[in-house]
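Here's the structure we're looking at; comments come further down.
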Amino acid sequence: MQQQADSIIQTLKAKGVRVTPQRFAVYADLLARSDHPTAEQLLSDLNQNAPTSSQATIYKTLQALRDVGLVREVLLEEGVCRYDANIGLHHHFRCQACGEVEDIPWEQFQAPNFQGLRSELQVKSYEITVHGYCECCHTDE
C-alpha cells in the first residue's frame, strides 16, 4: 500500500504536479477504477466519509492531471465528460441501457483506412467507441 502511494507521489512530481492531498486522492482514485467516472462521481466518492474536496477543486485537479497527460477526458455520450487514468491506447464499449463502460484493447480492431478522406484533413489520432448492451442488459428481442 505504501509502495503504491510512493509511486503515485513520484509520478505526480515527475510530471511537475504539486502533490496535495486532493490531487493525490483524485489520481489514486482514478488509477484504482475502470468505470471512467464523471467529476461529480469522483467528488461524491472522495467525500463519502468526510467532505474534503470541493467541486472546483476536483475540476481543477482533473484539468491539471489532464494537462500533464496523466488522465484523459473520454466523451462517450453527449454532454458527459468522463475521466480515465488509463492513458495507453485503447477503445471503449458503452452499454446503452446501464451506461457501463469497458475498455477494449487497441489491437481488437484493425486500423481504419484514412486514405479516403479529403487530402486537407490530417488525422493525428482516433478512438473507436462501441455502443451496445452489456451481458446484464442484453435481451434477445
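By order of appearance in the C-alpha cells: chains A, B, ..., then residues from 1 within every chain, and ligands from 1 in the order shown.
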For A:His131: contacts at 10 Å, only C-alpha atoms, fewer than 2 positions along chain excluded, given as a list in words: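 These residues fall inside the cut-off: Leu76, Glu77, His92, Phe93, Arg94, Cys95, Gln96, Ala97, Gly99, Val101, Ile128, Thr129, Tyr133 and Cys134 of chain A.
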Mind checking which residues fall within 10 Å of A:His91, counting only C-alpha atoms, ignoring those fewer than 4 positions away in the same chain, and posting them as JSON, numbers by chain? {"A": [102, 103, 104, 105, 106, 107, 108, 109, 126, 127, 128, 129, 130]}
Top pick for closest residue to A:Val17, considering A:Glu73, A:Glu78, A:Asp35, A:Asp67 and counting only C-alpha atoms: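 Nearest candidate to A:Val17 out of A:Glu73, A:Glu78, A:Asp35, A:Asp67: A:Asp67.
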Env of stretch 24-27 of chain A: 12 Å cut, atoms = only C-alpha atoms, seq-sep filter 5 positions within chain, self excluded. Answer as a ChimeraX atom specification. /A:4-13,17-19,32-33,37-47,52-55,57-66,69-72,83-86
